[in-house]
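Colleague: Structure: entry-v8.cif, mmCIF, C-alpha atoms and all ligand atoms.
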```
data_model
#
loop_
_atom_site.label_atom_id
_atom_site.label_comp_id
_atom_site.auth_asym_id
_atom_site.auth_seq_id
_atom_site.Cartn_x
_atom_site.Cartn_y
_atom_site.Cartn_z
CA MET A 299 -20.29 30.37 -11.92
CA LYS A 300 -22.42 27.95 -9.95
CA THR A 301 -24.70 28.18 -6.95
CA HIS A 302 -24.21 25.29 -4.53
CA ASN A 303 -26.98 24.03 -2.32
CA LEU A 304 -25.90 23.28 1.25
CA LEU A 305 -27.84 21.82 4.15
CA LEU A 306 -26.49 23.06 7.49
CA LEU A 307 -27.21 20.85 10.50
CA PRO A 308 -25.59 22.51 13.53
CA GLY A 309 -26.99 20.02 16.07
CA ASP A 310 -26.31 20.48 19.78
CA GLY A 311 -23.84 22.07 22.18
CA ILE A 312 -20.82 23.65 20.50
CA GLY A 313 -22.17 22.44 17.13
CA VAL A 314 -24.29 25.59 17.05
CA GLU A 315 -21.38 27.91 17.93
CA ILE A 316 -18.91 26.50 15.41
CA MET A 317 -21.50 26.35 12.62
CA ALA A 318 -22.04 30.09 13.10
CA GLU A 319 -18.40 30.61 12.08
CA VAL A 320 -18.90 28.56 8.91
CA GLU A 321 -21.96 30.66 8.09
CA ARG A 322 -19.79 33.78 8.27
CA ILE A 323 -17.37 32.25 5.76
CA ILE A 324 -20.28 31.35 3.48
CA GLU A 325 -21.49 34.96 3.67
CA PHE A 326 -17.99 36.13 2.86
CA PHE A 327 -17.85 33.98 -0.30
CA ASN A 328 -21.37 35.06 -1.27
CA GLY A 329 -20.25 38.68 -1.04
CA ARG A 330 -17.62 38.23 -3.76
CA SER A 331 -18.32 39.76 -7.15
CA ASP A 332 -17.13 36.63 -8.98
CA GLY A 333 -16.82 32.93 -8.15
CA ASP A 334 -19.33 30.30 -7.08
CA SER A 335 -21.90 31.10 -4.42
CA PHE A 336 -24.02 29.19 -1.90
CA GLU A 337 -27.65 28.79 -1.01
CA THR A 338 -28.12 27.33 2.43
CA THR A 339 -30.97 25.84 4.41
CA SER A 340 -30.69 24.76 8.02
CA ASP A 341 -32.51 22.14 10.02
CA LEU A 342 -32.46 20.46 13.39
CA VAL A 343 -30.62 17.26 14.19
CA GLY A 344 -29.76 15.36 17.36
CA GLY A 345 -31.09 16.51 20.73
CA ALA A 346 -32.48 19.72 19.24
CA ALA A 347 -34.63 17.65 16.85
CA VAL A 348 -35.66 15.27 19.64
CA ASP A 349 -36.90 18.26 21.68
CA ALA A 350 -38.79 19.81 18.77
CA HIS A 351 -40.08 16.74 16.91
CA GLY A 352 -39.52 13.66 19.06
CA VAL A 353 -37.03 12.17 16.56
CA ALA A 354 -33.30 12.77 16.03
CA ILE A 355 -33.88 13.77 12.41
CA THR A 356 -37.19 14.29 10.60
CA ASP A 357 -38.12 12.89 7.19
CA GLU A 358 -38.25 16.49 5.91
CA ALA A 359 -34.65 17.13 7.01
CA MET A 360 -33.61 13.80 5.43
CA ALA A 361 -35.23 14.85 2.15
CA LYS A 362 -33.25 18.10 2.25
CA ALA A 363 -30.06 16.11 2.89
CA VAL A 364 -30.75 13.92 -0.14
CA ALA A 365 -31.33 16.98 -2.32
CA ALA A 366 -28.33 19.01 -1.11
CA ASP A 367 -24.95 19.19 -2.87
CA ALA A 368 -23.40 18.63 0.57
CA VAL A 369 -24.49 18.35 4.18
CA ILE A 370 -22.46 20.34 6.72
CA PHE A 371 -22.94 18.78 10.15
CA GLY A 372 -21.92 20.17 13.57
CA ALA A 373 -22.20 17.73 16.47
CA VAL A 374 -24.97 16.04 18.43
CA GLY A 375 -25.65 14.81 21.94
CA GLY A 376 -25.30 15.91 25.53
CA PRO A 377 -26.30 14.89 29.06
CA LYS A 378 -29.80 16.33 28.60
CA TRP A 379 -30.64 13.41 26.30
CA ASP A 380 -28.78 10.64 28.11
CA ASP A 381 -32.03 8.98 29.20
CA VAL A 382 -34.13 9.23 26.04
CA PRO A 383 -35.13 5.89 24.46
CA TYR A 384 -32.33 4.25 22.43
CA ASP A 385 -34.09 4.63 19.06
CA ILE A 386 -34.42 8.39 19.34
CA ARG A 387 -31.07 9.18 20.98
CA PRO A 388 -29.33 12.18 19.31
CA GLU A 389 -26.70 9.98 17.60
CA ALA A 390 -29.51 8.19 15.73
CA GLY A 391 -29.78 11.32 13.53
CA LEU A 392 -26.19 10.99 12.35
CA LEU A 393 -26.51 7.22 11.88
CA ARG A 394 -29.63 7.66 9.76
CA LEU A 395 -27.86 10.23 7.58
CA ARG A 396 -24.91 7.87 7.07
CA LYS A 397 -27.17 4.92 6.34
CA ASP A 398 -29.76 6.58 4.10
CA LEU A 399 -27.13 8.45 2.09
CA ASP A 400 -25.00 5.26 2.00
CA LEU A 401 -21.86 7.12 3.05
CA TYR A 402 -19.33 4.30 2.83
CA ALA A 403 -16.07 6.24 2.50
CA ASN A 404 -14.88 8.12 5.55
CA LEU A 405 -12.02 10.54 4.97
CA ARG A 406 -10.01 11.70 7.93
CA PRO A 407 -7.03 13.88 7.14
CA ALA A 408 -4.28 14.18 9.73
CA ILE A 409 -2.47 17.43 9.09
CA CYS A 410 0.07 18.89 11.45
CA TYR A 411 0.33 22.65 11.14
CA PRO A 412 3.95 23.70 11.81
CA ALA A 413 2.68 26.21 14.42
CA LEU A 414 1.16 23.32 16.42
CA ALA A 415 3.91 20.72 16.02
CA ASP A 416 4.88 21.06 19.67
CA ALA A 417 1.34 20.18 20.78
CA SER A 418 1.71 16.69 19.29
CA SER A 419 2.63 13.71 21.42
CA LEU A 420 5.43 12.97 18.95
CA ARG A 421 8.62 14.96 18.38
CA ARG A 422 8.38 18.04 16.16
CA GLU A 423 10.64 16.64 13.42
CA ILE A 424 8.47 13.53 13.12
CA VAL A 425 5.15 15.37 12.68
CA GLU A 426 5.93 18.85 11.37
CA GLY A 427 4.34 19.25 7.93
CA LEU A 428 2.52 15.90 8.22
CA ASP A 429 -0.33 15.56 5.72
CA ILE A 430 -1.89 12.12 5.45
CA MET A 431 -5.38 10.92 4.65
CA ILE A 432 -6.93 7.91 6.33
CA LEU A 433 -9.73 6.44 4.25
CA ARG A 434 -11.91 4.15 6.32
CA GLU A 435 -14.65 1.92 4.91
CA LEU A 436 -17.64 3.01 6.97
CA THR A 437 -20.68 0.84 6.32
CA GLY A 438 -19.41 -2.76 6.34
CA GLY A 439 -17.08 -5.07 8.24
CA THR A 440 -17.02 -6.09 11.88
CA TYR A 441 -19.46 -3.44 13.14
CA PHE A 442 -22.30 -4.55 10.88
CA GLY A 443 -21.66 -8.20 9.87
CA GLU A 444 -24.20 -10.85 10.93
CA PRO A 445 -24.35 -12.95 13.05
CA LYS A 446 -23.63 -10.49 15.82
CA GLU A 447 -24.88 -11.91 19.07
CA THR A 448 -24.25 -13.18 22.57
CA VAL A 449 -25.68 -16.58 23.50
CA THR A 450 -25.79 -18.26 26.91
CA LEU A 451 -24.29 -21.75 26.87
CA GLU A 452 -25.54 -24.81 28.78
CA ASP A 453 -23.05 -24.28 31.59
CA GLY A 454 -24.32 -20.70 32.06
CA SER A 455 -21.28 -19.03 30.52
CA LYS A 456 -21.69 -16.86 27.45
CA ARG A 457 -20.35 -16.85 23.91
CA SER A 458 -20.28 -13.69 21.80
CA VAL A 459 -19.68 -13.37 18.12
CA ASP A 460 -19.02 -10.46 15.75
CA THR A 461 -18.71 -11.18 12.07
CA THR A 462 -16.24 -9.46 9.75
CA LEU A 463 -17.80 -9.55 6.34
CA TYR A 464 -16.90 -7.83 3.07
CA THR A 465 -17.90 -8.32 -0.55
CA THR A 466 -15.88 -7.55 -3.69
CA GLY A 467 -18.17 -4.63 -4.50
CA GLU A 468 -17.81 -3.04 -1.06
CA ILE A 469 -14.01 -3.12 -1.29
CA GLU A 470 -13.81 -2.05 -4.91
CA ARG A 471 -15.93 1.09 -4.50
CA VAL A 472 -13.92 2.39 -1.56
CA ALA A 473 -10.62 1.46 -3.24
CA LYS A 474 -11.62 3.64 -6.19
CA VAL A 475 -12.17 6.55 -3.80
CA ALA A 476 -8.67 5.94 -2.40
CA PHE A 477 -7.08 6.02 -5.85
CA ASP A 478 -9.04 9.15 -6.82
CA LEU A 479 -7.86 10.86 -3.65
CA ALA A 480 -4.24 9.81 -4.15
CA ARG A 481 -4.23 11.27 -7.66
CA LYS A 482 -5.00 14.68 -6.17
CA ARG A 483 -2.35 14.29 -3.47
CA GLY A 484 0.90 12.34 -3.33
CA ASN A 485 -0.26 9.56 -5.73
CA LYS A 486 0.37 6.77 -3.23
CA VAL A 487 -2.02 4.37 -1.45
CA HIS A 488 -1.18 2.01 1.40
CA MET A 489 -3.88 -0.62 1.88
CA ALA A 490 -3.79 -1.88 5.48
CA ALA A 491 -5.32 -5.30 6.30
CA LYS A 492 -4.49 -8.61 7.99
CA TRP A 493 -4.27 -11.00 5.03
CA ASN A 494 -1.93 -13.21 7.06
CA VAL A 495 -4.72 -14.24 9.49
CA MET A 496 -8.07 -13.06 8.09
CA LYS A 497 -10.04 -14.19 5.05
CA THR A 498 -11.42 -10.69 4.64
CA GLY A 499 -7.81 -9.46 4.62
CA VAL A 500 -7.06 -11.82 1.71
CA LEU A 501 -10.06 -10.45 -0.17
CA TRP A 502 -9.04 -6.83 0.53
CA ARG A 503 -5.62 -7.59 -0.92
CA GLU A 504 -6.99 -9.35 -4.00
CA VAL A 505 -9.64 -6.76 -4.79
CA THR A 506 -7.40 -3.74 -4.27
CA THR A 507 -4.72 -5.33 -6.46
CA GLN A 508 -7.25 -5.94 -9.25
CA THR A 509 -8.87 -2.50 -8.90
CA HIS A 510 -5.43 -0.92 -9.02
CA LYS A 511 -4.64 -2.78 -12.24
CA ASP A 512 -7.95 -1.95 -13.93
CA TYR A 513 -8.65 1.52 -12.58
CA ALA A 514 -5.51 3.23 -11.38
CA PRO A 515 -2.22 1.74 -12.62
CA ASP A 516 -0.79 5.28 -12.51
CA VAL A 517 -1.09 5.37 -8.69
CA GLU A 518 1.46 3.65 -6.46
CA LEU A 519 -0.15 0.89 -4.33
CA GLU A 520 1.46 -0.86 -1.38
CA HIS A 521 -0.10 -3.44 0.91
CA ILE A 522 0.79 -3.17 4.56
CA LEU A 523 -0.22 -5.35 7.50
CA ALA A 524 -2.52 -3.30 9.74
CA ASP A 525 -0.39 -3.89 12.85
CA ASN A 526 2.74 -2.78 11.02
CA CYS A 527 0.82 0.25 9.78
CA ALA A 528 0.00 1.19 13.40
CA MET A 529 3.69 0.95 14.24
CA GLN A 530 4.89 2.85 11.16
CA LEU A 531 2.44 5.66 11.90
CA ILE A 532 4.31 6.36 15.11
CA ARG A 533 7.78 5.65 13.72
CA ASN A 534 7.65 7.63 10.49
CA PRO A 535 4.16 8.94 9.65
CA LYS A 536 5.36 11.12 6.78
CA GLN A 537 6.01 8.02 4.64
CA PHE A 538 2.23 7.76 4.09
CA ASP A 539 -0.05 9.63 1.70
CA VAL A 540 -3.43 7.81 1.62
CA ILE A 541 -4.07 4.86 3.95
CA LEU A 542 -7.03 2.74 2.83
CA THR A 543 -8.46 0.31 5.34
CA ASP A 544 -11.59 -1.42 6.62
CA ASN A 545 -14.09 -0.18 9.19
CA LEU A 546 -12.49 -1.66 12.33
CA PHE A 547 -8.82 -0.97 11.54
CA GLY A 548 -9.81 2.45 10.20
CA ASP A 549 -11.50 3.36 13.46
CA ILE A 550 -8.28 2.65 15.33
CA LEU A 551 -5.69 3.92 12.85
CA SER A 552 -7.52 7.21 12.27
CA ASP A 553 -7.67 7.93 16.00
CA GLU A 554 -3.98 7.10 16.29
CA ALA A 555 -3.09 9.42 13.41
CA SER A 556 -5.31 12.21 14.70
CA MET A 557 -3.40 12.56 17.92
CA MET A 558 -0.31 13.62 16.00
CA THR A 559 -2.06 16.83 15.05
CA GLY A 560 -2.53 18.34 18.49
CA SER A 561 -6.22 18.58 19.39
CA LEU A 562 -9.63 17.15 18.69
CA GLY A 563 -10.68 20.71 17.89
CA MET A 564 -8.48 20.63 14.77
CA LEU A 565 -9.81 17.49 13.09
CA PRO A 566 -12.21 17.59 10.13
CA SER A 567 -13.81 14.66 8.31
CA ALA A 568 -15.85 13.80 5.26
CA SER A 569 -18.12 10.87 4.49
CA LEU A 570 -18.86 10.13 0.84
CA GLY A 571 -21.34 7.90 -0.98
CA SER A 572 -21.46 6.57 -4.54
CA PRO A 573 -21.36 8.91 -7.52
CA ASP A 574 -24.79 9.63 -9.02
CA GLU A 575 -25.18 7.79 -12.34
CA LYS A 576 -26.25 10.92 -14.22
CA THR A 577 -24.33 13.76 -12.59
CA GLY A 578 -21.34 11.91 -11.14
CA LYS A 579 -21.91 13.80 -7.87
CA ARG A 580 -21.48 11.90 -4.63
CA LYS A 581 -23.76 12.24 -1.61
CA ALA A 582 -21.57 13.73 1.08
CA LEU A 583 -21.53 14.83 4.70
CA TYR A 584 -18.81 16.92 6.31
CA GLU A 585 -18.34 17.13 10.07
CA PRO A 586 -15.70 17.71 12.71
CA VAL A 587 -14.46 14.55 14.40
CA HIS A 588 -15.28 15.86 17.87
CA GLY A 589 -18.63 15.81 19.66
CA SER A 590 -20.85 18.50 21.16
CA ALA A 591 -18.45 19.20 24.08
CA PRO A 592 -21.13 19.95 26.71
CA ASP A 593 -18.39 20.87 29.22
CA ILE A 594 -17.53 24.04 27.28
CA SER A 595 -20.66 24.76 25.26
CA GLY A 596 -22.21 28.23 25.38
CA GLN A 597 -19.02 29.83 26.69
CA GLY A 598 -17.29 30.87 23.47
CA LEU A 599 -14.47 28.42 24.22
CA ALA A 600 -14.91 25.99 21.30
CA ASN A 601 -12.27 25.79 18.62
CA PRO A 602 -14.07 26.33 15.27
CA ILE A 603 -11.14 25.11 13.12
CA ALA A 604 -12.27 21.46 12.79
CA MET A 605 -15.68 22.70 11.60
CA ILE A 606 -14.20 25.28 9.23
CA ALA A 607 -11.74 22.71 7.86
CA SER A 608 -14.68 20.31 7.32
CA PHE A 609 -16.37 23.03 5.26
CA ALA A 610 -13.12 23.41 3.29
CA MET A 611 -13.26 19.65 2.60
CA ALA A 612 -16.78 20.12 1.22
CA LEU A 613 -15.43 22.77 -1.15
CA ARG A 614 -12.64 20.41 -2.24
CA TYR A 615 -14.45 17.08 -2.53
CA SER A 616 -18.06 18.01 -3.38
CA LEU A 617 -18.11 21.44 -4.95
CA ASP A 618 -15.03 21.57 -7.16
CA MET A 619 -13.80 24.66 -5.29
CA GLY A 620 -10.30 23.44 -4.50
CA GLU A 621 -8.81 26.92 -4.81
CA GLU A 622 -11.10 28.33 -2.15
CA ALA A 623 -10.42 25.27 0.04
CA ASP A 624 -6.68 25.95 -0.24
CA LEU A 625 -7.28 29.57 0.76
CA ILE A 626 -9.18 28.53 3.89
CA ASP A 627 -6.39 26.12 4.83
CA LYS A 628 -3.81 28.87 4.29
CA ALA A 629 -5.83 31.34 6.35
CA VAL A 630 -6.03 28.85 9.24
CA ALA A 631 -2.27 28.22 9.07
CA ALA A 632 -1.57 31.97 9.03
CA VAL A 633 -3.77 32.64 12.07
CA LEU A 634 -2.01 29.87 14.01
CA GLU A 635 1.35 31.22 12.89
CA LYS A 636 0.38 34.61 14.35
CA GLY A 637 -0.05 32.93 17.73
CA LEU A 638 -3.85 33.01 18.09
CA ARG A 639 -5.19 30.00 20.00
CA THR A 640 -8.48 28.77 21.41
CA GLY A 641 -8.22 27.21 24.88
CA ASP A 642 -7.79 23.61 23.66
CA ILE A 643 -4.58 24.45 21.73
CA MET A 644 -3.32 27.21 24.04
CA GLN A 645 0.46 27.32 24.58
CA ASP A 646 2.72 29.58 26.65
CA GLY A 647 3.32 32.96 25.07
CA LYS A 648 0.35 32.69 22.69
CA LYS A 649 -2.86 34.72 22.72
CA GLN A 650 -6.07 32.98 23.79
CA VAL A 651 -9.12 33.94 21.74
CA SER A 652 -12.81 32.99 21.75
CA THR A 653 -14.67 30.95 19.12
CA SER A 654 -15.88 34.04 17.28
CA GLU A 655 -12.52 35.84 17.57
CA MET A 656 -10.87 32.83 15.93
CA GLY A 657 -13.56 32.93 13.22
CA SER A 658 -12.99 36.66 12.69
CA ALA A 659 -9.20 36.19 12.43
CA ILE A 660 -9.62 33.45 9.80
CA LEU A 661 -12.06 35.66 7.85
CA GLU A 662 -9.65 38.57 8.00
CA GLU A 663 -6.82 36.40 6.63
CA LEU A 664 -9.12 35.14 3.89
CA GLY A 665 -9.82 38.74 2.95
CA VAL A 666 -6.08 39.45 2.73
CA LEU A 667 -5.36 36.29 0.72
CA MET A 668 -8.15 37.03 -1.75
CA ALA A 669 -7.47 40.76 -2.14
P1 LIG B 1 -16.36 15.58 22.75
O1 LIG B 1 -15.62 15.42 21.47
O2 LIG B 1 -17.62 16.36 22.67
O3 LIG B 1 -15.39 16.27 23.84
C1 LIG B 1 -14.20 15.66 24.31
C2 LIG B 1 -13.30 16.74 24.95
O4 LIG B 1 -12.74 17.54 23.90
C3 LIG B 1 -14.07 17.70 25.84
O5 LIG B 1 -13.26 18.05 26.93
C4 LIG B 1 -14.32 18.90 24.96
O6 LIG B 1 -14.43 20.11 25.67
C5 LIG B 1 -13.11 18.89 24.04
N1 LIG B 1 -13.44 19.41 22.72
C6 LIG B 1 -14.13 18.76 21.74
N2 LIG B 1 -14.26 19.54 20.67
C7 LIG B 1 -13.68 20.72 20.97
C8 LIG B 1 -13.51 21.93 20.26
N3 LIG B 1 -13.97 22.13 19.01
N4 LIG B 1 -12.86 22.95 20.88
C9 LIG B 1 -12.36 22.79 22.11
N5 LIG B 1 -12.48 21.66 22.83
C10 LIG B 1 -13.14 20.62 22.26
O7 LIG B 1 -16.63 14.12 23.31
P2 LIG B 1 -17.46 13.65 24.60
O8 LIG B 1 -17.29 14.64 25.70
O9 LIG B 1 -17.10 12.25 24.78
O10 LIG B 1 -18.98 13.68 24.12
C11 LIG B 1 -19.88 14.75 24.35
C12 LIG B 1 -21.17 14.48 23.60
O11 LIG B 1 -20.91 14.49 22.20
C13 LIG B 1 -21.77 13.11 23.91
O12 LIG B 1 -23.17 13.25 23.96
C14 LIG B 1 -21.36 12.26 22.72
O13 LIG B 1 -22.25 11.20 22.49
C15 LIG B 1 -21.40 13.27 21.60
N6 LIG B 1 -20.55 12.97 20.44
C16 LIG B 1 -21.05 13.31 19.24
C17 LIG B 1 -20.29 13.13 18.10
C18 LIG B 1 -20.87 13.58 16.79
O14 LIG B 1 -21.81 14.36 16.79
N7 LIG B 1 -20.32 13.16 15.67
C19 LIG B 1 -19.00 12.60 18.19
C20 LIG B 1 -18.49 12.28 19.46
C21 LIG B 1 -19.27 12.48 20.59
#
```
Take the structure in the file and give it back as structure tokens.
Ligand code: NAD
Modeller:
Amino acid sequence: MKTHNLLLLPGDGIGVEIMAEVERIIEFFNGRSDGDSFETTSDLVGGAAVDAHGVAITDEAMAKAVAADAVIFGAVGGPKWDDVPYDIRPEAGLLRLRKDLDLYANLRPAICYPALADASSLRREIVEGLDIMILRELTGGTYFGEPKETVTLEDGSKRSVDTTLYTTGEIERVAKVAFDLARKRGNKVHMAAKWNVMKTGVLWREVTTQTHKDYAPDVELEHILADNCAMQLIRNPKQFDVILTDNLFGDILSDEASMMTGSLGMLPSASLGSPDEKTGKRKALYEPVHGSAPDISGQGLANPIAMIASFAMALRYSLDMGEEADLIDKAVAAVLEKGLRTGDIMQDGKKQVSTSEMGSAILEELGVLMA
């Protein structure tokens, strides 16, 4: 039995409310007589840290993040901090965490719970039971490549340039994550790129082919043009298991896939770094995809499921607690099946509950499943 060290960073707005529900689940697991347990520390991030310390994350909090087995992150930002200087804006806290922990692999599952299939923009039969994983490279590519600039030309008009840049190493390390993930799922990876028109696309194809041969010949690998992938996601999303792609295409494809699942309040994510040379453990941060939702914060209206599912991802991908992660996922599905809904996923004939009532219902189901 192990004790896992977690850093909780609730952040701002609904981040605080939904993190409280994760803390209740942690307490529940800590109350078991057998099984792994958790030690947690909390700290400020985002606007809350700006108010208290004048920066979006302190060096002390960063040191705790480096030392933790996993960082569980809520959400940051809000209108209160709209006018603070750019360098200390709330989002800078999240960006520093991603950068300093070198979190290059962003996992965004798109799962459609049968109970919510009618909330999707696609027909029930196309999305019901959907379970795909988009793996987006997060620290390279078009958003970071240099030169990145706008220059004014002699005639007064402007010319802007963004640079899409990848190295073999950057592609190989994220491809390995994709193959590792596929082995624990449906054993299939689609690599989406534009090798027909982009040099980086050619490199993505070459490196993933080689990595597949050397590292994961047991996993099925298919290359798919990114535009075709966007189309296939709408036509027949269940053909996919893991989709591996670069930073720019991943940004777009993961948003597209997420909308099949119903609501922003349902979407978890994980960001992983390289395995430690000695322990093999990866630096990792888990967070819901949504933001701090200032329009509903403080009213008990937030859906805690994306946050709770992010915690379940931490159990699965950082803490070797896959069984407990499965139980959380089952408990969420059961609560939805019983017709409980927060406002964002409310449907006719269902019962609307608050953030903490949803948390309590999930805890109760967990208790039943583990009895
Ligand atoms: P948002 O995700 O906070 O909210 C978008 C809409 O979805 C809102 O109507 C909100 O009420 C709803 N919503 C979001 N999460 C919900 C949940 N769990 N339950 C129920 N409804 C939910 O995006 P926004 O309004 O564009 O941004 C608000 C603030 O959050 C901004 O300051 C933005 O910069 C920040 N933000 C932070 C992150 C992050 O921390 N990773 C991500 C996105 C936005």
Colleague: Using only C-alpha atoms, find the one residue out of A:Leu570, A:Leu401, A:Met431, A:Ile660 that sits nearest to Pro602 in chain A.
Modeller: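 Residue with the minimum atom-to-atom distance to Pro602 in chain A: A:Ile660.
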Colleague: Select, counting all atoms listed in the file, all protein, DNA and RNA residues no farther than 12 Å from (-26.2, 7.8, 22.9) in file coordinates, and express the selection as a PyMOL selection string.
Modeller: chain A and resi 344-345+354+374-393+589
Colleague: Fewer than 5 positions away in the same chain doesn't count, so skip those; otherwise give me all residues within 8 Å of Leu433 in chain A, counting only C-alpha atoms, as a list of chain:residue names.
Modeller: A:Ala403, A:Asn404, A:Leu405, A:Arg406, A:Ala476, A:Val540, A:Ile541, A:Leu542, A:Thr543, A:Gly548
Colleague: With a cut-off of 9 Å, could you pull out the residues of chain A touching ligand LIG 1 (chain B) and give me the nearest pair of atoms for each, distance in Å to one decimal, using all atoms listed in the file, ordered by chain and ascending number, as a Markdown table?
Modeller:
```
| residue | atom | partner | partner_atom | distance |
| --- | --- | --- | --- | --- |
| A:Gly309 | CA | B:LIG1 | O14 | 7.7 |
| A:Asp310 | CA | B:LIG1 | O14 | 8.2 |
| A:Gly311 | CA | B:LIG1 | O11 | 8.1 |
| A:Ile312 | CA | B:LIG1 | N3 | 7.2 |
| A:Gly313 | CA | B:LIG1 | O14 | 8.1 |
| A:Ile316 | CA | B:LIG1 | N3 | 7.5 |
| A:Gly344 | CA | B:LIG1 | O14 | 8.0 |
| A:Phe371 | CA | B:LIG1 | O14 | 8.1 |
| A:Gly372 | CA | B:LIG1 | O14 | 6.6 |
| A:Ala373 | CA | B:LIG1 | O14 | 3.4 |
| A:Val374 | CA | B:LIG1 | O14 | 3.9 |
| A:Gly375 | CA | B:LIG1 | O12 | 3.6 |
| A:Gly376 | CA | B:LIG1 | O12 | 3.8 |
| A:Pro377 | CA | B:LIG1 | O12 | 6.2 |
| A:Lys378 | CA | B:LIG1 | O12 | 8.7 |
| A:Trp379 | CA | B:LIG1 | O12 | 7.8 |
| A:Asp380 | CA | B:LIG1 | O12 | 7.5 |
| A:Pro388 | CA | B:LIG1 | O12 | 7.8 |
| A:Glu389 | CA | B:LIG1 | O14 | 6.6 |
| A:Leu392 | CA | B:LIG1 | N7 | 7.1 |
| A:Ser561 | CA | B:LIG1 | C10 | 7.8 |
| A:Leu562 | CA | B:LIG1 | N2 | 5.6 |
| A:Gly563 | CA | B:LIG1 | N3 | 3.8 |
| A:Met564 | CA | B:LIG1 | N3 | 7.1 |
| A:Leu565 | CA | B:LIG1 | N3 | 8.6 |
| A:Glu585 | CA | B:LIG1 | N7 | 7.1 |
| A:Pro586 | CA | B:LIG1 | N7 | 7.1 |
| A:Val587 | CA | B:LIG1 | N7 | 6.2 |
| A:His588 | CA | B:LIG1 | O1 | 3.6 |
| A:Gly589 | CA | B:LIG1 | O2 | 3.2 |
| A:Ser590 | CA | B:LIG1 | O11 | 4.1 |
| A:Ala591 | CA | B:LIG1 | O2 | 3.3 |
| A:Pro592 | CA | B:LIG1 | C11 | 5.8 |
| A:Asp593 | CA | B:LIG1 | O6 | 5.4 |
| A:Ile594 | CA | B:LIG1 | O6 | 5.3 |
| A:Ser595 | CA | B:LIG1 | O6 | 7.8 |
| A:Leu599 | CA | B:LIG1 | C9 | 6.4 |
| A:Ala600 | CA | B:LIG1 | N4 | 3.7 |
| A:Asn601 | CA | B:LIG1 | N4 | 3.7 |
| A:Pro602 | CA | B:LIG1 | N3 | 5.6 |
| A:Ile603 | CA | B:LIG1 | N3 | 7.2 |
| A:Ala604 | CA | B:LIG1 | N3 | 6.5 |
| A:Met605 | CA | B:LIG1 | N3 | 7.6 |
| A:Thr640 | CA | B:LIG1 | C9 | 7.2 |
| A:Gly641 | CA | B:LIG1 | C9 | 6.7 |
| A:Asp642 | CA | B:LIG1 | C9 | 4.9 |
| A:Ile643 | CA | B:LIG1 | C9 | 8.0 |
| A:Thr653 | CA | B:LIG1 | N4 | 8.4 |
```
Colleague: Separation of CA of Pro308 in chain A and CA of Val630 in chain A, in Å?
Modeller: 21.0 Å
